[in-house]
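Structure below is model_24.csv: CSV, C-alpha atoms.
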```csv
chain,number,residue,atom,x,y,z
U,295,MET,CA,-1.9,4.6,-19.8
U,296,GLN,CA,0.6,2.2,-21.3
U,297,ARG,CA,-0.6,-0.6,-23.4
U,298,LEU,CA,0.7,-4.1,-23.5
U,299,THR,CA,0.4,-6.4,-26.6
U,300,LEU,CA,-0.3,-9.9,-25.5
U,301,PHE,CA,-0.3,-13.3,-27.2
U,302,THR,CA,-3.4,-12.3,-29.2
U,303,GLY,CA,-1.8,-9.3,-30.7
U,304,VAL,CA,-4.5,-7.3,-28.9
U,305,PRO,CA,-3.4,-4.1,-27.1
U,306,VAL,CA,-4.5,-4.5,-23.5
U,307,PRO,CA,-4.6,-1.6,-21.0
U,308,LEU,CA,-2.0,-2.1,-18.2
U,309,VAL,CA,-1.7,-0.5,-14.9
U,310,THR,CA,1.3,1.9,-14.9
U,311,GLY,CA,3.3,3.8,-12.4
U,312,SER,CA,1.9,7.1,-13.5
U,313,ALA,CA,-0.2,7.4,-10.4
U,314,ASP,CA,1.3,8.6,-7.1
U,315,ALA,CA,3.4,5.8,-5.7
U,316,ASP,CA,1.5,5.7,-2.5
U,317,GLN,CA,-2.0,6.2,-3.8
U,318,PRO,CA,-4.2,3.1,-3.9
U,319,VAL,CA,-5.3,1.7,-7.3
U,320,ASP,CA,-8.3,-0.6,-7.7
U,321,LEU,CA,-6.8,-3.7,-9.3
U,322,VAL,CA,-10.2,-5.0,-10.5
U,323,ASN,CA,-11.0,-2.0,-12.7
U,324,ALA,CA,-7.4,-1.1,-13.6
U,325,TYR,CA,-6.1,-4.5,-14.5
U,326,SER,CA,-8.2,-7.6,-13.8
U,327,TYR,CA,-11.1,-6.6,-16.1
U,328,PRO,CA,-9.4,-5.1,-19.1
U,329,LEU,CA,-7.4,-8.1,-20.1
U,330,PRO,CA,-10.2,-10.8,-20.2
U,331,ILE,CA,-12.9,-8.5,-21.6
U,332,THR,CA,-10.5,-7.4,-24.4
U,333,VAL,CA,-9.5,-10.9,-25.2
U,334,ILE,CA,-12.9,-12.5,-25.3
U,335,CYS,CA,-14.5,-9.6,-27.3
U,336,GLU,CA,-11.7,-9.6,-29.8
U,337,LEU,CA,-12.1,-13.4,-30.1
U,338,ILE,CA,-15.9,-13.2,-30.6
U,339,GLY,CA,-15.8,-10.0,-32.7
U,340,ILE,CA,-17.4,-7.5,-30.4
U,341,PRO,CA,-16.7,-3.9,-31.4
U,342,ALA,CA,-14.5,-2.1,-28.8
U,343,VAL,CA,-17.0,0.7,-28.4
U,344,ARG,CA,-19.6,-1.8,-27.0
U,345,ARG,CA,-17.3,-3.6,-24.5
U,346,ASP,CA,-18.4,-1.5,-21.5
U,347,ASP,CA,-22.0,-2.4,-22.3
U,348,PHE,CA,-21.2,-6.0,-22.4
U,349,ARG,CA,-19.3,-5.8,-19.1
U,350,ARG,CA,-22.4,-4.3,-17.5
U,351,TRP,CA,-24.8,-6.7,-19.1
U,352,SER,CA,-22.8,-9.8,-18.3
U,353,SER,CA,-22.3,-8.8,-14.7
U,354,VAL,CA,-26.1,-8.8,-14.2
U,355,PHE,CA,-26.4,-12.0,-16.3
U,356,VAL,CA,-24.1,-14.1,-14.0
U,357,ASN,CA,-25.4,-12.6,-10.8
U,358,ALA,CA,-29.1,-12.9,-11.7
U,359,ALA,CA,-30.0,-14.3,-8.3
U,360,VAL,CA,-29.1,-11.1,-6.5
U,361,CYS,CA,-30.4,-8.7,-9.1
U,362,THR,CA,-33.9,-7.3,-9.4
U,363,ALA,CA,-36.2,-8.6,-12.1
U,364,GLU,CA,-36.1,-5.2,-13.8
U,365,GLU,CA,-32.3,-5.2,-13.9
U,366,TYR,CA,-32.1,-8.7,-15.3
U,367,ILE,CA,-34.8,-8.1,-18.0
U,368,GLU,CA,-33.1,-4.9,-19.1
U,369,ALA,CA,-29.6,-6.4,-19.3
U,370,THR,CA,-30.6,-9.6,-21.1
U,371,THR,CA,-33.0,-8.0,-23.6
U,372,SER,CA,-30.4,-5.3,-24.4
U,373,MET,CA,-27.7,-7.9,-24.8
U,374,LEU,CA,-30.0,-10.1,-26.9
U,375,ALA,CA,-30.9,-7.2,-29.2
U,376,PHE,CA,-27.3,-6.3,-29.8
U,377,VAL,CA,-26.3,-9.9,-30.5
U,378,HIS,CA,-29.1,-10.2,-33.1
U,379,GLU,CA,-27.9,-6.9,-34.7
U,380,LEU,CA,-24.3,-8.1,-34.7
U,381,ILE,CA,-25.3,-11.4,-36.3
U,382,VAL,CA,-26.9,-9.5,-39.1
U,383,GLN,CA,-23.8,-7.4,-39.6
U,384,LYS,CA,-21.5,-10.4,-39.6
U,385,GLN,CA,-23.8,-12.2,-42.1
U,386,GLN,CA,-23.5,-9.2,-44.5
U,387,ALA,CA,-19.8,-8.6,-43.9
U,388,PRO,CA,-17.9,-11.5,-42.2
U,389,THR,CA,-14.7,-10.8,-40.4
U,390,ASP,CA,-11.9,-12.9,-38.9
U,391,ASP,CA,-13.6,-13.8,-35.6
U,392,LEU,CA,-15.4,-16.6,-33.9
U,393,LEU,CA,-18.9,-15.2,-34.4
U,394,SER,CA,-18.4,-15.0,-38.2
U,395,ALA,CA,-17.2,-18.6,-38.1
U,396,LEU,CA,-20.2,-19.8,-36.1
U,397,ILE,CA,-22.5,-18.0,-38.6
U,398,ALA,CA,-20.7,-19.7,-41.5
U,399,THR,CA,-21.3,-23.0,-39.8
U,400,ARG,CA,-24.9,-22.2,-39.2
U,401,ASP,CA,-25.4,-21.4,-42.8
U,402,GLY,CA,-23.7,-24.6,-43.9
U,403,SER,CA,-24.7,-28.2,-43.5
U,404,ASP,CA,-24.5,-28.1,-39.7
U,405,ARG,CA,-27.0,-25.3,-39.2
U,406,LEU,CA,-27.2,-23.6,-35.8
U,407,SER,CA,-30.5,-22.1,-35.0
U,408,GLU,CA,-30.8,-18.4,-34.2
U,409,ASP,CA,-31.4,-19.3,-30.5
U,410,GLU,CA,-28.4,-21.6,-30.5
U,411,LEU,CA,-26.2,-19.0,-32.0
U,412,THR,CA,-27.2,-16.2,-29.5
U,413,SER,CA,-27.0,-18.6,-26.6
U,414,MET,CA,-23.5,-19.5,-27.6
U,415,VAL,CA,-22.5,-15.8,-27.6
U,416,PHE,CA,-24.1,-15.3,-24.2
U,417,LEU,CA,-22.2,-18.2,-22.8
U,418,LEU,CA,-18.8,-17.4,-24.3
U,419,LEU,CA,-19.0,-13.7,-23.3
U,420,ALA,CA,-20.2,-14.2,-19.7
U,421,ALA,CA,-18.2,-17.3,-18.9
U,422,GLY,CA,-15.2,-16.2,-21.0
U,423,HIS,CA,-14.3,-13.1,-19.0
U,424,GLU,CA,-16.2,-12.9,-15.7
U,425,THR,CA,-14.5,-16.0,-14.3
U,426,THR,CA,-11.0,-15.0,-15.5
U,427,VAL,CA,-11.4,-11.5,-13.9
U,428,SER,CA,-11.8,-13.4,-10.6
U,429,LEU,CA,-9.0,-15.8,-11.3
U,430,ILE,CA,-6.6,-12.8,-11.7
U,431,THR,CA,-8.0,-10.8,-8.7
U,432,ASN,CA,-8.3,-13.7,-6.3
U,433,GLY,CA,-4.8,-14.8,-7.3
U,434,VAL,CA,-3.2,-11.5,-6.6
U,435,HIS,CA,-5.1,-11.3,-3.3
U,436,ALA,CA,-4.1,-14.8,-2.2
U,437,LEU,CA,-0.4,-14.2,-3.1
U,438,LEU,CA,-0.3,-10.8,-1.3
U,439,ARG,CA,-1.8,-12.5,1.7
U,440,HIS,CA,0.9,-15.2,1.6
U,441,PRO,CA,4.2,-13.3,1.1
U,442,ASP,CA,6.2,-16.5,1.5
U,443,GLN,CA,4.5,-18.0,-1.5
U,444,LEU,CA,4.8,-14.8,-3.5
U,445,GLU,CA,8.5,-14.6,-2.7
U,446,LEU,CA,9.0,-18.2,-3.8
U,447,LEU,CA,7.1,-17.5,-7.0
U,448,MET,CA,9.2,-14.4,-7.8
U,449,LYS,CA,12.4,-16.3,-7.2
U,450,GLU,CA,11.2,-19.3,-9.2
U,451,PRO,CA,8.8,-18.0,-11.9
U,452,GLU,CA,8.8,-21.4,-13.5
U,453,ARG,CA,6.3,-22.3,-10.8
U,454,LEU,CA,3.7,-20.0,-12.3
U,455,PRO,CA,1.6,-22.7,-14.0
U,456,THR,CA,1.4,-24.7,-10.8
U,457,ALA,CA,0.7,-21.5,-8.8
U,458,VAL,CA,-2.3,-20.8,-11.1
U,459,GLU,CA,-3.7,-24.3,-10.4
U,460,GLU,CA,-3.2,-23.9,-6.7
U,461,ILE,CA,-5.0,-20.5,-6.8
U,462,LEU,CA,-7.9,-22.1,-8.7
U,463,ARG,CA,-8.1,-24.7,-5.9
U,464,TYR,CA,-7.6,-22.3,-3.0
U,465,ASP,CA,-9.9,-19.4,-4.0
U,466,GLY,CA,-11.5,-20.3,-7.4
U,467,PRO,CA,-13.7,-17.9,-9.3
U,468,LEU,CA,-16.9,-19.9,-8.9
U,469,GLN,CA,-18.7,-20.8,-5.6
U,470,ALA,CA,-21.0,-23.3,-7.2
U,471,ALA,CA,-22.0,-24.8,-10.5
U,472,ILE,CA,-25.3,-23.9,-12.1
U,473,PRO,CA,-28.1,-25.7,-10.1
U,474,TYR,CA,-29.4,-29.0,-11.4
U,475,VAL,CA,-32.7,-30.8,-10.9
U,476,ALA,CA,-32.7,-34.5,-10.1
U,477,SER,CA,-34.6,-36.4,-12.8
U,478,ALA,CA,-34.8,-39.6,-10.7
U,479,PRO,CA,-34.3,-40.6,-7.1
U,480,ILE,CA,-30.6,-41.1,-6.2
U,481,ASP,CA,-28.5,-42.0,-3.2
U,482,ILE,CA,-25.2,-40.1,-2.7
U,483,ALA,CA,-23.0,-40.8,0.3
U,484,GLY,CA,-25.9,-41.9,2.4
U,485,THR,CA,-28.1,-39.0,1.4
U,486,ARG,CA,-31.4,-39.6,-0.5
U,487,ILE,CA,-32.2,-37.1,-3.2
U,488,GLU,CA,-35.7,-37.4,-4.6
U,489,ALA,CA,-36.7,-36.6,-8.2
U,490,GLY,CA,-37.4,-33.0,-8.7
U,491,GLU,CA,-35.1,-31.7,-5.9
U,492,VAL,CA,-32.6,-29.0,-6.7
U,493,ILE,CA,-29.0,-29.9,-6.5
U,494,VAL,CA,-26.2,-27.3,-6.1
U,495,PHE,CA,-22.6,-28.5,-6.5
U,496,ALA,CA,-20.5,-26.4,-4.1
U,497,LEU,CA,-17.1,-26.1,-5.8
U,498,LEU,CA,-15.2,-24.1,-3.2
U,499,PRO,CA,-15.8,-26.5,-0.3
U,500,ALA,CA,-15.1,-29.4,-2.6
U,501,ASN,CA,-11.7,-27.9,-3.5
U,502,ARG,CA,-10.8,-27.9,0.2
U,503,ASP,CA,-12.0,-31.3,1.1
U,504,VAL,CA,-9.6,-32.6,3.7
U,505,ARG,CA,-10.3,-36.1,2.5
U,506,LYS,CA,-8.7,-35.3,-0.8
U,507,VAL,CA,-6.3,-32.5,-0.1
U,508,GLU,CA,-3.6,-32.3,2.6
U,509,ARG,CA,-3.5,-29.0,4.5
U,510,ALA,CA,-6.5,-28.0,2.4
U,511,ASP,CA,-6.9,-24.5,3.9
U,512,GLU,CA,-3.3,-23.6,3.1
U,513,LEU,CA,-2.0,-21.9,-0.1
U,514,ASP,CA,1.0,-23.9,-1.3
U,515,ILE,CA,2.3,-23.4,-4.8
U,516,THR,CA,4.7,-26.3,-4.5
U,517,ARG,CA,1.9,-28.9,-4.4
U,518,THR,CA,2.4,-31.7,-6.9
U,519,ASP,CA,-1.2,-32.7,-6.9
U,520,THR,CA,-3.3,-29.6,-7.6
U,521,ALA,CA,-6.5,-31.4,-8.8
U,522,HIS,CA,-9.6,-29.1,-8.4
U,523,LEU,CA,-13.1,-28.5,-9.7
U,524,ALA,CA,-12.7,-24.9,-10.6
U,525,PHE,CA,-13.3,-25.8,-14.3
U,526,GLY,CA,-16.0,-28.4,-13.6
U,527,HIS,CA,-15.6,-32.1,-14.5
U,528,GLY,CA,-16.4,-34.6,-17.2
U,529,ILE,CA,-18.6,-33.5,-20.1
U,530,HIS,CA,-19.2,-30.2,-18.3
U,531,HIS,CA,-15.5,-29.3,-18.1
U,532,CYS,CA,-15.0,-25.7,-19.0
U,533,LEU,CA,-14.4,-25.2,-22.7
U,534,GLY,CA,-12.3,-22.1,-22.1
U,535,ALA,CA,-10.0,-23.6,-19.4
U,536,PRO,CA,-6.8,-23.4,-21.6
U,537,LEU,CA,-7.4,-19.8,-22.4
U,538,ALA,CA,-8.2,-18.9,-18.7
U,539,ARG,CA,-5.0,-20.6,-17.6
U,540,LEU,CA,-3.0,-18.8,-20.2
U,541,GLU,CA,-4.5,-15.4,-19.2
U,542,GLY,CA,-4.0,-16.1,-15.5
U,543,ARG,CA,-0.3,-17.0,-16.1
U,544,LEU,CA,0.3,-13.9,-18.2
U,545,ALA,CA,-1.6,-11.5,-15.9
U,546,LEU,CA,0.0,-12.6,-12.7
U,547,GLY,CA,3.5,-13.0,-14.1
U,548,LEU,CA,3.6,-9.7,-15.8
U,549,LEU,CA,2.0,-7.8,-12.9
U,550,PHE,CA,4.5,-9.0,-10.3
U,551,GLU,CA,7.4,-8.6,-12.7
U,552,ARG,CA,6.4,-5.0,-13.4
U,553,PHE,CA,5.5,-4.2,-9.8
U,554,PRO,CA,7.6,-6.5,-7.5
U,555,GLN,CA,6.7,-4.3,-4.5
U,556,LEU,CA,3.0,-4.4,-5.0
U,557,ARG,CA,1.1,-4.5,-1.8
U,558,LEU,CA,-2.4,-4.4,-0.4
U,559,ALA,CA,-3.6,-0.9,0.4
U,560,VAL,CA,-5.7,-2.1,3.4
U,561,PRO,CA,-4.1,-5.3,4.5
U,562,GLU,CA,-6.0,-5.6,7.7
U,563,GLN,CA,-9.4,-5.8,5.9
U,564,ASP,CA,-10.8,-8.5,3.7
U,565,PRO,CA,-11.9,-7.1,0.4
U,566,PRO,CA,-15.7,-6.9,-0.3
U,567,ARG,CA,-17.1,-9.6,-2.6
U,568,HIS,CA,-20.1,-9.5,-4.9
U,569,PRO,CA,-23.1,-11.2,-3.4
U,570,SER,CA,-23.8,-14.1,-5.8
U,571,LEU,CA,-24.9,-17.7,-5.9
U,572,LEU,CA,-22.4,-18.7,-8.5
U,573,MET,CA,-19.5,-16.2,-8.6
U,574,ASN,CA,-16.7,-15.9,-6.0
U,575,ALA,CA,-15.7,-12.4,-7.1
U,576,ILE,CA,-13.9,-9.6,-5.2
U,577,ARG,CA,-15.7,-6.4,-5.9
U,578,GLU,CA,-12.6,-4.1,-5.5
U,579,LEU,CA,-9.0,-4.7,-4.4
U,580,PRO,CA,-7.1,-1.5,-3.5
U,581,VAL,CA,-3.4,-2.0,-4.0
U,582,VAL,CA,-0.4,0.2,-3.8
U,583,LEU,CA,1.9,-0.2,-6.8
U,584,ARG,CA,5.1,0.5,-5.0
U,585,PRO,CA,6.3,2.2,-1.8
U,586,GLN,CA,6.7,6.0,-1.7
U,587,PRO,CA,10.2,6.6,-3.1
U,588,VAL,CA,12.8,8.1,-0.7
U,589,ALA,CA,14.0,11.5,-1.8
U,590,SER,CA,17.7,11.5,-2.8
U,591,ALA,CA,20.1,13.7,-0.9
U,592,GLU,CA,20.3,16.3,-3.7
U,593,HIS,CA,16.5,16.7,-3.7
U,594,ARG,CA,16.0,17.0,0.0
U,595,VAL,CA,14.9,20.3,1.3
U,596,ASN,CA,17.4,21.8,3.7
U,597,THR,CA,16.0,23.0,6.9
U,598,PRO,CA,17.7,25.0,9.6
U,599,GLU,CA,19.1,23.1,12.6
```
Rendering of file as structure tokens:
Amino acid sequence: MQRLTLFTGVPVPLVTGSADADQPVDLVNAYSYPLPITVICELIGIPAVRRDDFRRWSSVFVNAAVCTAEEYIEATTSMLAFVHELIVQKQQAPTDDLLSALIATRDGSDRLSEDELTSMVFLLLAAGHETTVSLITNGVHALLRHPDQLELLMKEPERLPTAVEEILRYDGPLQAAIPYVASAPIDIAGTRIEAGEVIVFALLPANRDVRKVERADELDITRTDTAHLAFGHGIHHCLGAPLARLEGRLALGLLFERFPQLRLAVPEQDPPRHPSLLMNAIRELPVVLRPQPVASAEHRVNTPE
């Protein structure tokens, strides 16, 4: 498998043409996951040998509503134990990574508690790669479903930043925000919400609100107004939004540059998605990297007339 050095200087696995040209490849496992998990683990300081564990744990963590209690307890306790162990290691031998920097802050005048430190790692790891995996996968799927938009993007690659914003609006990585509980009665658009009621902000429908977006159900990378709620809003706006946008631009741009004839392996079927309250994640996306090459005349087998 070839490796690609990105902006972080981190070697990231990249899908190659080593497989048979007409054999499907699962884009999620082969491409969408390796980049974000590598970047966020390198940033935090997670050893490479434990990254598969973190992928498994975080998948349960962000999809807790559809996991069993046993699965959730096993994943979170395992992840918590490892984070505590890693904190001790970084205290004894700091390295050039975010966790070491957070520990140094905790041990300085602005002390972070042990719980705050571990919670920060949980948040950065889960939110820092699961959503970006879906941004990449959903983006490839949306563009392959809209060949006119993909053709325009390949002719005019300078549209890539706007295309990423439109993908975030059209098929963002989150279905909803984390549920909130009303602390006091409130009226919103004629609806009465009483204190104690659970509120779920549905992000995907909001991004296709026809009162705010013209042709809301259409993918259009030429939109000049690509406002969306994929990264939240206000004080809850996603801390990692700039990194996610950068990874999205790099992943989509490099993939279609390397495989301009990329196509869906099963175009007549919608890909399966993970059952989840929060995530809007495609479970697997079989793609064909390029059409089966036509044999040249000199390599054709001669058969009798």
Within 9 Å of U:Leu497, counting all atoms listed in the file, which residues qualify if same-chain residues fewer than 6 places away don't, as a compact mmCIF listing (two decimals) with C-alpha atoms, in the frame of the given file?
```txt
# COMPACT_ATOMS: atom_id res chain seq x y z
CA GLY U 466 -11.50 -20.30 -7.40
CA LEU U 468 -16.90 -19.90 -8.90
CA GLN U 469 -18.70 -20.80 -5.60
CA ALA U 470 -21.00 -23.30 -7.20
CA ALA U 471 -22.00 -24.80 -10.50
CA HIS U 522 -9.60 -29.10 -8.40
CA LEU U 523 -13.10 -28.50 -9.70
CA ALA U 524 -12.70 -24.90 -10.60
CA GLY U 526 -16.00 -28.40 -13.60
```
| query | Which residues, written as a PyMOL selection string, have at least one atom at most 10 Å from U:Leu417, with all atoms listed in the file counted and residues fewer than 5 positions away on the same chain left out? | reply | chain U and resi 352+355-356+412+422
| request: Rank nothing, just name the residue among U:Asn323, U:Thr399, U:Ser477, U:Thr370 nearest to U:Asn357, using only C-alpha atoms. | output: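 Nearest candidate to U:Asn357 out of U:Asn323, U:Thr399, U:Ser477, U:Thr370: U:Thr370.
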Scan for residues within 12 Å of the point (-11.1, -17.8, -12.6) in the coordinates of the file, using only C-alpha atoms, and reply as a tab-separated table (two decimals) with C-alpha atoms, keeping the file's coordinate frame.
```tsv
chain	number	residue	atom	x	y	z
U	326	SER	CA	-8.20	-7.60	-13.80
U	327	TYR	CA	-11.10	-6.60	-16.10
U	330	PRO	CA	-10.20	-10.80	-20.20
U	421	ALA	CA	-18.20	-17.30	-18.90
U	422	GLY	CA	-15.20	-16.20	-21.00
U	423	HIS	CA	-14.30	-13.10	-19.00
U	424	GLU	CA	-16.20	-12.90	-15.70
U	425	THR	CA	-14.50	-16.00	-14.30
U	426	THR	CA	-11.00	-15.00	-15.50
U	427	VAL	CA	-11.40	-11.50	-13.90
U	428	SER	CA	-11.80	-13.40	-10.60
U	429	LEU	CA	-9.00	-15.80	-11.30
U	430	ILE	CA	-6.60	-12.80	-11.70
U	431	THR	CA	-8.00	-10.80	-8.70
U	432	ASN	CA	-8.30	-13.70	-6.30
U	433	GLY	CA	-4.80	-14.80	-7.30
U	434	VAL	CA	-3.20	-11.50	-6.60
U	458	VAL	CA	-2.30	-20.80	-11.10
U	459	GLU	CA	-3.70	-24.30	-10.40
U	460	GLU	CA	-3.20	-23.90	-6.70
U	461	ILE	CA	-5.00	-20.50	-6.80
U	462	LEU	CA	-7.90	-22.10	-8.70
U	463	ARG	CA	-8.10	-24.70	-5.90
U	464	TYR	CA	-7.60	-22.30	-3.00
U	465	ASP	CA	-9.90	-19.40	-4.00
U	466	GLY	CA	-11.50	-20.30	-7.40
U	467	PRO	CA	-13.70	-17.90	-9.30
U	468	LEU	CA	-16.90	-19.90	-8.90
U	469	GLN	CA	-18.70	-20.80	-5.60
U	523	LEU	CA	-13.10	-28.50	-9.70
U	524	ALA	CA	-12.70	-24.90	-10.60
U	525	PHE	CA	-13.30	-25.80	-14.30
U	526	GLY	CA	-16.00	-28.40	-13.60
U	532	CYS	CA	-15.00	-25.70	-19.00
U	534	GLY	CA	-12.30	-22.10	-22.10
U	535	ALA	CA	-10.00	-23.60	-19.40
U	536	PRO	CA	-6.80	-23.40	-21.60
U	537	LEU	CA	-7.40	-19.80	-22.40
U	538	ALA	CA	-8.20	-18.90	-18.70
U	539	ARG	CA	-5.00	-20.60	-17.60
U	540	LEU	CA	-3.00	-18.80	-20.20
U	541	GLU	CA	-4.50	-15.40	-19.20
U	542	GLY	CA	-4.00	-16.10	-15.50
U	543	ARG	CA	-0.30	-17.00	-16.10
U	545	ALA	CA	-1.60	-11.50	-15.90
U	573	MET	CA	-19.50	-16.20	-8.60
U	574	ASN	CA	-16.70	-15.90	-6.00
U	575	ALA	CA	-15.70	-12.40	-7.10
U	576	ILE	CA	-13.90	-9.60	-5.20
```
| said: Just to confirm, what's the straight-line distance from atom CA of U:Ser413 to atom CA of U:Leu498 in Å (one decimal)? | reply: 26.8 Å
| request: Measuring atom to atom with all atoms listed in the file, identify which of U:Leu546, U:Leu392, U:Leu438, U:Leu583 is nearest to U:Glu562. | output: U:Leu438
| request: Report the distance between atom CA of U:Ile482 and atom CA of U:Glu508 in Å, rounded to one decimal place. | output: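 Interatomic distance, atom CA of U:Ile482 to atom CA of U:Glu508: 23.6 Å.
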| Distance of atom CA of U:Arg567 from atom CA of U:Ser372, expressed in Å to one decimal place |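 Between atom CA of U:Ser372 and atom CA of U:Arg567 the gap is 25.9 Å.
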| said: When you count all atoms listed in the file, which of these residues is closest to U:Phe550: U:Thr485, U:Ala478, U:Lys449, U:Gly490? | reply: U:Lys449
| field | Polymer residues at most 12 Å from U:His378, only C-alpha atoms, same-chain spacing of 4 or more positions, as an NGL selection string | value | :U and (371-374 or 382-385 or 393 or 397 or 408-413 or 415-416)
Output the selection as an mmCIF file, keeping the file's coordinate frame - C-alpha atoms for each residue.
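Now in out.cif:
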```
data_model
loop_
_atom_site.group_PDB
_atom_site.id
_atom_site.type_symbol
_atom_site.label_atom_id
_atom_site.label_comp_id
_atom_site.auth_asym_id
_atom_site.auth_seq_id
_atom_site.Cartn_x
_atom_site.Cartn_y
_atom_site.Cartn_z
ATOM 1 C CA THR U 371 -33.000 -8.000 -23.600
ATOM 2 C CA SER U 372 -30.400 -5.300 -24.400
ATOM 3 C CA MET U 373 -27.700 -7.900 -24.800
ATOM 4 C CA LEU U 374 -30.000 -10.100 -26.900
ATOM 5 C CA VAL U 382 -26.900 -9.500 -39.100
ATOM 6 C CA GLN U 383 -23.800 -7.400 -39.600
ATOM 7 C CA LYS U 384 -21.500 -10.400 -39.600
ATOM 8 C CA GLN U 385 -23.800 -12.200 -42.100
ATOM 9 C CA LEU U 393 -18.900 -15.200 -34.400
ATOM 10 C CA ILE U 397 -22.500 -18.000 -38.600
ATOM 11 C CA GLU U 408 -30.800 -18.400 -34.200
ATOM 12 C CA ASP U 409 -31.400 -19.300 -30.500
ATOM 13 C CA GLU U 410 -28.400 -21.600 -30.500
ATOM 14 C CA LEU U 411 -26.200 -19.000 -32.000
ATOM 15 C CA THR U 412 -27.200 -16.200 -29.500
ATOM 16 C CA SER U 413 -27.000 -18.600 -26.600
ATOM 17 C CA VAL U 415 -22.500 -15.800 -27.600
ATOM 18 C CA PHE U 416 -24.100 -15.300 -24.200
#
```
| Shell of 12 Å around U:Asp564, only C-alpha atoms, local chain residues under 3 positions omitted, as a VMD selection string | chain U and resid 432 435 to 436 438 to 439 558 to 561 567 576 to 580
| Which residue gives the smallest distance to U:Ile515 among U:Arg584, U:His527, U:His440, U:His568, with only C-alpha atoms counted? |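 Using only C-alpha atoms, the shortest distance to U:Ile515 belongs to U:His440.
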| Pick from U:Val322, U:Ile472, U:Val377, U:Leu548, whichever lies nearest to U:Leu419 using all atoms listed in the file | U:Val377
| Closest of U:Val319, U:Phe376, U:Glu336, U:Pro455 to U:Trp351 - atom-to-atom distances counting only C-alpha atoms |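 Using only C-alpha atoms, the shortest distance to U:Trp351 belongs to U:Phe376.
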